[in-house]
Structure formats: structure tokens, C-alpha cells
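Data from target-v8.pdb: PDB, N, CA and C atoms
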```
ATOM      1  N   MET H  14     105.522 105.505  87.664
ATOM      2  CA  MET H  14     105.653 105.020  89.028
ATOM      3  C   MET H  14     106.025 106.193  89.934
ATOM      4  N   LYS H  15     105.441 106.204  91.092
ATOM      5  CA  LYS H  15     105.762 107.208  92.099
ATOM      6  C   LYS H  15     107.202 107.032  92.556
ATOM      7  N   SER H  16     107.874 108.132  92.882
ATOM      8  CA  SER H  16     109.296 108.057  93.200
ATOM      9  C   SER H  16     109.614 107.170  94.407
ATOM     10  N   LYS H  17     108.847 107.288  95.486
ATOM     11  CA  LYS H  17     109.081 106.433  96.659
ATOM     12  C   LYS H  17     107.730 106.111  97.292
ATOM     13  N   PRO H  18     107.124 105.015  96.863
ATOM     14  CA  PRO H  18     105.796 104.677  97.389
ATOM     15  C   PRO H  18     105.809 104.374  98.883
ATOM     16  N   ASN H  19     104.718 104.735  99.534
ATOM     17  CA  ASN H  19     104.508 104.444 100.950
ATOM     18  C   ASN H  19     103.568 103.247 101.028
ATOM     19  N   ILE H  20     104.094 102.119 101.469
ATOM     20  CA  ILE H  20     103.343 100.867 101.484
ATOM     21  C   ILE H  20     103.100 100.427 102.917
ATOM     22  N   LEU H  21     101.830 100.204 103.237
ATOM     23  CA  LEU H  21     101.467  99.670 104.552
ATOM     24  C   LEU H  21     101.364  98.160 104.464
ATOM     25  N   VAL H  22     101.986  97.479 105.406
ATOM     26  CA  VAL H  22     101.901  96.027 105.506
ATOM     27  C   VAL H  22     101.063  95.741 106.742
ATOM     28  N   VAL H  23      99.854  95.231 106.508
ATOM     29  CA  VAL H  23      98.848  95.148 107.566
ATOM     30  C   VAL H  23      98.579  93.693 107.959
ATOM     31  N   CYS H  24      98.592  93.459 109.270
ATOM     32  CA  CYS H  24      98.156  92.172 109.819
ATOM     33  C   CYS H  24      97.346  92.457 111.075
ATOM     34  N   ALA H  25      96.950  91.430 111.765
ATOM     35  CA  ALA H  25      96.068  91.603 112.920
ATOM     36  C   ALA H  25      96.684  92.489 114.001
ATOM     37  N   MET H  26      97.922  92.216 114.372
ATOM     38  CA  MET H  26      98.553  92.954 115.470
ATOM     39  C   MET H  26      99.653  93.905 115.005
ATOM     40  N   GLY H  27     100.110  93.781 113.753
ATOM     41  CA  GLY H  27     101.152  94.654 113.242
ATOM     42  C   GLY H  27     102.554  94.230 113.619
ATOM     43  N   TYR H  28     102.725  92.966 114.017
ATOM     44  CA  TYR H  28     104.036  92.492 114.444
ATOM     45  C   TYR H  28     104.544  91.345 113.572
ATOM     46  N   SER H  29     104.278  90.134 113.971
ATOM     47  CA  SER H  29     104.915  88.958 113.378
ATOM     48  C   SER H  29     104.603  88.763 111.898
ATOM     49  N   THR H  30     103.344  88.599 111.570
ATOM     50  CA  THR H  30     102.992  88.288 110.186
ATOM     51  C   THR H  30     103.375  89.424 109.256
ATOM     52  N   SER H  31     103.074  90.643 109.643
ATOM     53  CA  SER H  31     103.426  91.768 108.771
ATOM     54  C   SER H  31     104.941  91.911 108.645
ATOM     55  N   SER H  32     105.678  91.579 109.684
ATOM     56  CA  SER H  32     107.142  91.644 109.603
ATOM     57  C   SER H  32     107.696  90.608 108.635
ATOM     58  N   LEU H  33     107.127  89.413 108.648
ATOM     59  CA  LEU H  33     107.547  88.375 107.705
ATOM     60  C   LEU H  33     107.235  88.787 106.268
ATOM     61  N   ILE H  34     106.047  89.319 106.058
ATOM     62  CA  ILE H  34     105.659  89.769 104.719
ATOM     63  C   ILE H  34     106.535  90.945 104.290
ATOM     64  N   LYS H  35     106.776  91.858 105.202
ATOM     65  CA  LYS H  35     107.593  93.029 104.890
ATOM     66  C   LYS H  35     109.002  92.619 104.465
ATOM     67  N   LEU H  36     109.568  91.635 105.119
ATOM     68  CA  LEU H  36     110.893  91.139 104.762
ATOM     69  C   LEU H  36     110.894  90.587 103.339
ATOM     70  N   GLN H  37     109.878  89.806 103.001
ATOM     71  CA  GLN H  37     109.765  89.252 101.641
ATOM     72  C   GLN H  37     109.631  90.371 100.607
ATOM     73  N   ILE H  38     108.796  91.345 100.908
ATOM     74  CA  ILE H  38     108.575  92.453  99.975
ATOM     75  C   ILE H  38     109.845  93.260  99.801
ATOM     76  N   ARG H  39     110.529  93.541 100.888
ATOM     77  CA  ARG H  39     111.777  94.311 100.813
ATOM     78  C   ARG H  39     112.774  93.616  99.887
ATOM     79  N   ARG H  40     112.901  92.315 100.000
ATOM     80  CA  ARG H  40     113.822  91.561  99.136
ATOM     81  C   ARG H  40     113.434  91.696  97.665
ATOM     82  N   VAL H  41     112.142  91.571  97.387
ATOM     83  CA  VAL H  41     111.658  91.689  96.011
ATOM     84  C   VAL H  41     111.929  93.088  95.471
ATOM     85  N   LEU H  42     111.596  94.104  96.263
ATOM     86  CA  LEU H  42     111.789  95.476  95.809
ATOM     87  C   LEU H  42     113.265  95.781  95.572
ATOM     88  N   GLU H  43     114.122  95.328  96.466
ATOM     89  CA  GLU H  43     115.555  95.544  96.291
ATOM     90  C   GLU H  43     116.069  94.877  95.027
ATOM     91  N   SER H  44     115.569  93.668  94.733
ATOM     92  CA  SER H  44     116.016  92.968  93.525
ATOM     93  C   SER H  44     115.537  93.657  92.249
ATOM     94  N   HIS H  45     114.524  94.520  92.368
ATOM     95  CA  HIS H  45     114.017  95.288  91.223
ATOM     96  C   HIS H  45     114.410  96.767  91.307
ATOM     97  N   ASN H  46     115.336  97.078  92.202
ATOM     98  CA  ASN H  46     115.822  98.458  92.386
ATOM     99  C   ASN H  46     114.691  99.453  92.632
ATOM    100  N   ILE H  47     113.736  99.061  93.472
ATOM    101  CA  ILE H  47     112.609  99.919  93.828
ATOM    102  C   ILE H  47     112.790 100.362  95.274
ATOM    103  N   ASP H  48     112.788 101.678  95.468
ATOM    104  CA  ASP H  48     112.898 102.247  96.798
ATOM    105  C   ASP H  48     111.490 102.573  97.295
ATOM    106  N   ALA H  49     111.112 102.027  98.429
ATOM    107  CA  ALA H  49     109.776 102.251  98.988
ATOM    108  C   ALA H  49     109.863 102.290 100.507
ATOM    109  N   ASP H  50     108.938 103.027 101.104
ATOM    110  CA  ASP H  50     108.785 103.007 102.548
ATOM    111  C   ASP H  50     107.806 101.897 102.896
ATOM    112  N   LEU H  51     108.227 100.952 103.710
ATOM    113  CA  LEU H  51     107.376  99.851 104.156
ATOM    114  C   LEU H  51     107.136 100.011 105.648
ATOM    115  N   GLN H  52     105.865  99.983 106.028
ATOM    116  CA  GLN H  52     105.523 100.167 107.438
ATOM    117  C   GLN H  52     104.548  99.091 107.877
ATOM    118  N   SER H  53     104.880  98.384 108.954
ATOM    119  CA  SER H  53     103.988  97.393 109.540
ATOM    120  C   SER H  53     102.940  98.094 110.386
ATOM    121  N   VAL H  54     101.676  97.705 110.193
ATOM    122  CA  VAL H  54     100.562  98.352 110.882
ATOM    123  C   VAL H  54      99.540  97.292 111.281
ATOM    124  N   SER H  55      98.965  97.447 112.457
ATOM    125  CA  SER H  55      97.870  96.558 112.861
ATOM    126  C   SER H  55      96.580  97.018 112.193
ATOM    127  N   ILE H  56      95.651  96.117 112.071
ATOM    128  CA  ILE H  56      94.364  96.464 111.466
ATOM    129  C   ILE H  56      93.674  97.578 112.251
ATOM    130  N   ASN H  57      93.834  97.588 113.566
ATOM    131  CA  ASN H  57      93.203  98.621 114.388
ATOM    132  C   ASN H  57      93.812 100.002 114.162
ATOM    133  N   ASN H  58      95.067 100.066 113.740
ATOM    134  CA  ASN H  58      95.729 101.344 113.492
ATOM    135  C   ASN H  58      95.737 101.754 112.028
ATOM    136  N   LEU H  59      95.195 100.917 111.175
ATOM    137  CA  LEU H  59      95.196 101.209 109.742
ATOM    138  C   LEU H  59      94.579 102.565 109.437
ATOM    139  N   VAL H  60      93.492 102.895 110.096
ATOM    140  CA  VAL H  60      92.800 104.162 109.851
ATOM    141  C   VAL H  60      93.708 105.367 110.095
ATOM    142  N   ASN H  61      94.694 105.228 110.969
ATOM    143  CA  ASN H  61      95.604 106.333 111.291
ATOM    144  C   ASN H  61      96.688 106.541 110.231
ATOM    145  N   PHE H  62      96.882 105.564 109.356
ATOM    146  CA  PHE H  62      97.976 105.629 108.393
ATOM    147  C   PHE H  62      97.521 105.606 106.934
ATOM    148  N   VAL H  63      96.322 105.157 106.677
ATOM    149  CA  VAL H  63      95.900 104.894 105.304
ATOM    150  C   VAL H  63      95.852 106.143 104.432
ATOM    151  N   ASN H  64      95.578 107.304 105.003
ATOM    152  CA  ASN H  64      95.478 108.519 104.188
ATOM    153  C   ASN H  64      96.802 108.937 103.570
ATOM    154  N   ASN H  65      97.913 108.495 104.134
ATOM    155  CA  ASN H  65      99.229 108.831 103.592
ATOM    156  C   ASN H  65      99.871 107.669 102.847
ATOM    157  N   ALA H  66      99.117 106.611 102.639
ATOM    158  CA  ALA H  66      99.658 105.418 101.997
ATOM    159  C   ALA H  66      99.317 105.379 100.510
ATOM    160  N   ASP H  67     100.163 104.666  99.771
ATOM    161  CA  ASP H  67      99.933 104.459  98.343
ATOM    162  C   ASP H  67      99.402 103.063  98.052
ATOM    163  N   MET H  68      99.585 102.156  99.015
ATOM    164  CA  MET H  68      99.188 100.769  98.803
ATOM    165  C   MET H  68      99.102 100.059 100.145
ATOM    166  N   ILE H  69      98.219  99.059 100.204
ATOM    167  CA  ILE H  69      98.116  98.185 101.374
ATOM    168  C   ILE H  69      98.447  96.774 100.928
ATOM    169  N   ILE H  70      99.363  96.147 101.638
ATOM    170  CA  ILE H  70      99.659  94.731 101.440
ATOM    171  C   ILE H  70      99.324  94.067 102.757
ATOM    172  N   THR H  71      98.524  93.006 102.709
ATOM    173  CA  THR H  71      97.964  92.475 103.944
ATOM    174  C   THR H  71      97.911  90.953 103.971
ATOM    175  N   SER H  72      97.845  90.434 105.184
ATOM    176  CA  SER H  72      97.600  89.002 105.393
ATOM    177  C   SER H  72      96.132  88.763 105.716
ATOM    178  N   LEU H  73      95.375  89.835 105.805
ATOM    179  CA  LEU H  73      93.969  89.754 106.198
ATOM    180  C   LEU H  73      93.055  89.823 104.985
ATOM    181  N   ASP H  74      91.809  89.495 105.198
ATOM    182  CA  ASP H  74      90.817  89.521 104.127
ATOM    183  C   ASP H  74      90.142  90.894 104.098
ATOM    184  N   LEU H  75      90.882  91.901 103.626
ATOM    185  CA  LEU H  75      90.333  93.250 103.527
ATOM    186  C   LEU H  75      89.569  93.398 102.221
ATOM    187  N   ASN H  76      88.526  94.196 102.243
ATOM    188  CA  ASN H  76      87.744  94.463 101.044
ATOM    189  C   ASN H  76      88.386  95.620 100.278
ATOM    190  N   PRO H  77      88.958  95.366  99.106
ATOM    191  CA  PRO H  77      89.623  96.431  98.344
ATOM    192  C   PRO H  77      88.704  97.590  97.990
ATOM    193  N   GLU H  78      87.412  97.334  97.916
ATOM    194  CA  GLU H  78      86.461  98.387  97.557
ATOM    195  C   GLU H  78      86.305  99.434  98.655
ATOM    196  N   GLU H  79      86.783  99.135  99.851
ATOM    197  CA  GLU H  79      86.696 100.083 100.967
ATOM    198  C   GLU H  79      87.840 101.092 100.979
ATOM    199  N   TYR H  80      88.780 100.953 100.054
ATOM    200  CA  TYR H  80      89.968 101.810 100.048
ATOM    201  C   TYR H  80      90.163 102.425  98.666
ATOM    202  N   ASP H  81      90.771 103.594  98.643
ATOM    203  CA  ASP H  81      91.043 104.292  97.391
ATOM    204  C   ASP H  81      92.424 103.975  96.833
ATOM    205  N   ILE H  82      93.095 103.026  97.441
ATOM    206  CA  ILE H  82      94.431 102.624  97.017
ATOM    207  C   ILE H  82      94.433 101.109  96.798
ATOM    208  N   PRO H  83      95.407 100.605  96.057
ATOM    209  CA  PRO H  83      95.465  99.154  95.845
ATOM    210  C   PRO H  83      95.610  98.382  97.163
ATOM    211  N   VAL H  84      94.898  97.262  97.242
ATOM    212  CA  VAL H  84      94.977  96.348  98.389
ATOM    213  C   VAL H  84      95.333  94.969  97.841
ATOM    214  N   ILE H  85      96.436  94.429  98.313
ATOM    215  CA  ILE H  85      96.902  93.129  97.839
ATOM    216  C   ILE H  85      97.045  92.188  99.021
ATOM    217  N   ASN H  86      96.392  91.023  98.913
ATOM    218  CA  ASN H  86      96.545  90.011  99.951
ATOM    219  C   ASN H  86      97.826  89.238  99.666
ATOM    220  N   ALA H  87      98.722  89.218 100.636
ATOM    221  CA  ALA H  87     100.041  88.636 100.435
ATOM    222  C   ALA H  87     100.321  87.452 101.346
ATOM    223  N   MET H  88      99.304  86.799 101.834
ATOM    224  CA  MET H  88      99.521  85.639 102.707
ATOM    225  C   MET H  88     100.340  84.560 101.996
ATOM    226  N   GLU H  89     100.227  84.524 100.667
ATOM    227  CA  GLU H  89     100.972  83.525  99.896
ATOM    228  C   GLU H  89     102.483  83.737  99.958
ATOM    229  N   LEU H  90     102.918  84.944 100.330
ATOM    230  CA  LEU H  90     104.349  85.157 100.492
ATOM    231  C   LEU H  90     104.895  84.342 101.656
ATOM    232  N   ILE H  91     104.037  84.033 102.606
ATOM    233  CA  ILE H  91     104.441  83.213 103.744
ATOM    234  C   ILE H  91     104.222  81.733 103.442
ATOM    235  N   SER H  92     103.062  81.420 102.872
ATOM    236  CA  SER H  92     102.740  80.017 102.610
ATOM    237  C   SER H  92     103.523  79.453 101.430
ATOM    238  N   GLY H  93     103.914  80.328 100.495
ATOM    239  CA  GLY H  93     104.656  79.866  99.328
ATOM    240  C   GLY H  93     103.782  79.537  98.137
ATOM    241  N   ARG H  94     102.493  79.341  98.358
ATOM    242  CA  ARG H  94     101.585  79.051  97.246
ATOM    243  C   ARG H  94     101.336  80.328  96.456
ATOM    244  N   GLU H  95     101.446  80.244  95.168
ATOM    245  CA  GLU H  95     101.186  81.381  94.284
ATOM    246  C   GLU H  95     102.004  82.619  94.650
ATOM    247  N   LYS H  96     103.169  82.392  95.191
ATOM    248  CA  LYS H  96     104.047  83.492  95.608
ATOM    249  C   LYS H  96     104.399  84.396  94.433
ATOM    250  N   GLU H  97     104.707  83.797  93.280
ATOM    251  CA  GLU H  97     105.087  84.574  92.100
ATOM    252  C   GLU H  97     103.952  85.468  91.620
ATOM    253  N   LYS H  98     102.710  85.004  91.737
ATOM    254  CA  LYS H  98     101.558  85.815  91.332
ATOM    255  C   LYS H  98     101.443  87.048  92.229
ATOM    256  N   VAL H  99     101.613  86.860  93.525
ATOM    257  CA  VAL H  99     101.538  87.980  94.461
ATOM    258  C   VAL H  99     102.650  88.989  94.168
ATOM    259  N   ILE H 100     103.833  88.494  93.909
ATOM    260  CA  ILE H 100     104.951  89.382  93.588
ATOM    261  C   ILE H 100     104.650  90.185  92.325
ATOM    262  N   LYS H 101     104.116  89.525  91.306
ATOM    263  CA  LYS H 101     103.751  90.230  90.070
ATOM    264  C   LYS H 101     102.679  91.278  90.334
ATOM    265  N   ASP H 102     101.699  90.931  91.164
ATOM    266  CA  ASP H 102     100.630  91.883  91.502
ATOM    267  C   ASP H 102     101.197  93.114  92.223
ATOM    268  N   ILE H 103     102.110  92.887  93.150
ATOM    269  CA  ILE H 103     102.718  93.995  93.889
ATOM    270  C   ILE H 103     103.524  94.891  92.952
ATOM    271  N   LEU H 104     104.358  94.292  92.117
ATOM    272  CA  LEU H 104     105.177  95.068  91.192
ATOM    273  C   LEU H 104     104.317  95.843  90.200
ATOM    274  N   ALA H 105     103.245  95.228  89.715
ATOM    275  CA  ALA H 105     102.350  95.913  88.779
ATOM    276  C   ALA H 105     101.652  97.083  89.450
ATOM    277  N   ALA H 106     101.217  96.895  90.690
ATOM    278  CA  ALA H 106     100.542  97.974  91.421
ATOM    279  C   ALA H 106     101.498  99.135  91.672
ATOM    280  N   ILE H 107     102.742  98.843  92.001
ATOM    281  CA  ILE H 107     103.748  99.894  92.208
ATOM    282  C   ILE H 107     103.991 100.635  90.901
ATOM    283  N   GLU H 108     104.092  99.898  89.815
ATOM    284  CA  GLU H 108     104.333 100.516  88.511
ATOM    285  C   GLU H 108     103.202 101.472  88.119
ATOM    286  N   ASN H 109     101.992 101.157  88.543
ATOM    287  CA  ASN H 109     100.832 101.980  88.188
ATOM    288  C   ASN H 109     100.590 103.159  89.118
ATOM    289  N   LEU H 110     101.375 103.279  90.181
ATOM    290  CA  LEU H 110     101.217 104.416  91.089
ATOM    291  C   LEU H 110     101.682 105.694  90.410
ATOM    292  N   GLU H 111     100.952 106.745  90.632
ATOM    293  CA  GLU H 111     101.331 108.037  90.034
ATOM    294  C   GLU H 111     101.661 109.040  91.110
TER     295      GLU H 111
END
```

Go through the file and emit its structure as C-alpha cells.
Amino acid sequence: MKSKPNILVVCAMGYSTSSLIKLQIRRVLESHNIDADLQSVSINNLVNFVNNADMIITSLDLNPEEYDIPVINAMELISGREKEKVIKDILAAIENLE
């Protein structure tokens, strides 16, 4: 695992939804003693930040094949459906970062 992953939390405007998701992720990471940089970003600004990121967590339907880093849809962190699966996916992706 990378020492301090840089994670982008992406939504349409980079405010409300990404902030809610970021809060959920921060809680999960803290409970697993994982230190990471979490940054909320709008989809329009993603291009300005993606080159320095290790992972994208999003509420949007992004195509993972368009990026060289893991892309995880985390809308379920807000809705509550399949929340545990998303958390496992995020933790596994962080563990696999080099």
C-alpha cells in the first residue's frame, strides 16, 4: 500500500455529494488506521487533478477504462444499499496501490 494515497472524490459540482461521500470515506479510513488525502473535485475540474491522484471515488457514472487509476462508484455510501461492498472495494483498491 502506498504510504499516503491521494484520493479524488468526484461529483457533478464538487460540493454536496462529494462532501457527503468524503465524510463517509474518512470515517472508514480512520477506523482502519489509513492516512489518505481526500479532495472533493467537480467533474469539470477532474482533468486538472487526475494526474496526481491514486484513485477516483465518484457518485457519477465514470468509465473506469478512461483512467489509469482505480475508479469506484460510491453512490451507495449515501443511499446505504450495498454500502459494505463499496467499502470493501475502496479498502482493497487502497491496499493494492503501490

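Around the point (104.7, 89.9, 103.8), within 8 Å and counting only N, CA and C atoms, we find these residues: Val22, Val23, Thr30, Ser31, Ser32, Leu33, Ile34, Lys35, Leu36, Gln37, Ile38, Arg39, Ile70, Thr71, Ser72, Ala87, Met88, Glu89, Leu90 and Ile91 of chain H.
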
Can I get the selection written as a short mmCIF file (atom, residue, chain, number, x, y, z; two decimals), in the coordinates of the input, with N, CA and C atoms?
```cif
data_model
loop_
_atom_site.label_atom_id
_atom_site.label_comp_id
_atom_site.auth_asym_id
_atom_site.auth_seq_id
_atom_site.Cartn_x
_atom_site.Cartn_y
_atom_site.Cartn_z
N VAL H 22 101.99 97.48 105.41
CA VAL H 22 101.90 96.03 105.51
C VAL H 22 101.06 95.74 106.74
N VAL H 23 99.85 95.23 106.51
CA VAL H 23 98.85 95.15 107.57
C VAL H 23 98.58 93.69 107.96
N THR H 30 103.34 88.60 111.57
CA THR H 30 102.99 88.29 110.19
C THR H 30 103.38 89.42 109.26
N SER H 31 103.07 90.64 109.64
CA SER H 31 103.43 91.77 108.77
C SER H 31 104.94 91.91 108.64
N SER H 32 105.68 91.58 109.68
CA SER H 32 107.14 91.64 109.60
C SER H 32 107.70 90.61 108.64
N LEU H 33 107.13 89.41 108.65
CA LEU H 33 107.55 88.38 107.70
C LEU H 33 107.24 88.79 106.27
N ILE H 34 106.05 89.32 106.06
CA ILE H 34 105.66 89.77 104.72
C ILE H 34 106.54 90.94 104.29
N LYS H 35 106.78 91.86 105.20
CA LYS H 35 107.59 93.03 104.89
C LYS H 35 109.00 92.62 104.46
N LEU H 36 109.57 91.64 105.12
CA LEU H 36 110.89 91.14 104.76
C LEU H 36 110.89 90.59 103.34
N GLN H 37 109.88 89.81 103.00
CA GLN H 37 109.76 89.25 101.64
C GLN H 37 109.63 90.37 100.61
N ILE H 38 108.80 91.34 100.91
CA ILE H 38 108.58 92.45 99.98
C ILE H 38 109.84 93.26 99.80
N ARG H 39 110.53 93.54 100.89
CA ARG H 39 111.78 94.31 100.81
C ARG H 39 112.77 93.62 99.89
N ILE H 70 99.36 96.15 101.64
CA ILE H 70 99.66 94.73 101.44
C ILE H 70 99.32 94.07 102.76
N THR H 71 98.52 93.01 102.71
CA THR H 71 97.96 92.48 103.94
C THR H 71 97.91 90.95 103.97
N SER H 72 97.84 90.43 105.18
CA SER H 72 97.60 89.00 105.39
C SER H 72 96.13 88.76 105.72
N ALA H 87 98.72 89.22 100.64
CA ALA H 87 100.04 88.64 100.44
C ALA H 87 100.32 87.45 101.35
N MET H 88 99.30 86.80 101.83
CA MET H 88 99.52 85.64 102.71
C MET H 88 100.34 84.56 102.00
N GLU H 89 100.23 84.52 100.67
CA GLU H 89 100.97 83.52 99.90
C GLU H 89 102.48 83.74 99.96
N LEU H 90 102.92 84.94 100.33
CA LEU H 90 104.35 85.16 100.49
C LEU H 90 104.90 84.34 101.66
N ILE H 91 104.04 84.03 102.61
CA ILE H 91 104.44 83.21 103.74
C ILE H 91 104.22 81.73 103.44
#
```

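With only C-alpha atoms as the atoms that count, the residue of H:Met26, H:Asn76, H:Lys17, H:Asp102 with the shortest distance to Ile47 in chain H is H:Lys17.
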
Computed interatomic separation between atom N of His45 in chain H and atom C of Ala106 in chain H (Å): 13.8 Å

Pick from H:Ile56, H:Leu110, H:Val63, H:Ile100 nearest to Leu42 in chain H, counting only C-alpha atoms: H:Ile100

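Of the listed residues H:Asn46, H:Leu75, H:Ala105, H:Ala25, the one whose atoms come nearest to Asn58 in chain H is H:Ala25, with distances taken using only C-alpha atoms.
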
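Rounded to one decimal, CA of Asn65 in chain H and CA of Ala49 in chain H lie 13.3 Å from each other.
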
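In this structure, atom N of Lys101 in chain H sits 10.9 Å away from atom N of Asn86 in chain H.
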
Step by step, gather every atom of range 88-98 of chain H that the file lists, find the box along x, y and z that holds them, add 6 Å on each side, and finally give centre and edge lengths in Å to one decimal, as JSON.
```
{"center_x": 102.2, "center_y": 83.0, "center_z": 97.5, "size_x": 17.8, "size_y": 20.0, "size_z": 24.4}
```

Residues selected by the PyMOL selection byres ((chain H and resi 52) around 6), written as an MDAnalysis selection string: chainID H and resid 20:22 50:51 53:54

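With all atoms listed in the file as the basis for measurement, H:Glu111 is the residue among H:Lys98, H:Val84, H:Glu111, H:Leu59 that approaches Ser16 in chain H most closely.
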
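Among the candidates H:Val41, H:Cys24, H:Met68, H:Val99, the one nearest to Ile82 in chain H when counting all atoms listed in the file is H:Met68.
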
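Minimum atom-to-atom distances from H:Lys15, H:Asn57, H:Glu43, H:Asp67 to Gly27 in chain H were compared using only C-alpha atoms, and the lowest value belongs to H:Asn57.
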
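Scanning chain H with DSSP on the backbone, the strand (DSSP E or B) assignments fall on Asn19, Ile20, Leu21, Val22, Val23, Cys24, Asp50, Leu51, Gln52, Ser53, Val54, Ser55, Met68, Ile69, Ile70, Thr71, Val84, Ile85 and Asn86 of chain H.
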
All alpha helix (DSSP H) residues (DSSP, backbone) inside chain H, as a ChimeraX atom specification: /H:29-44,59-62,89-92,96-108
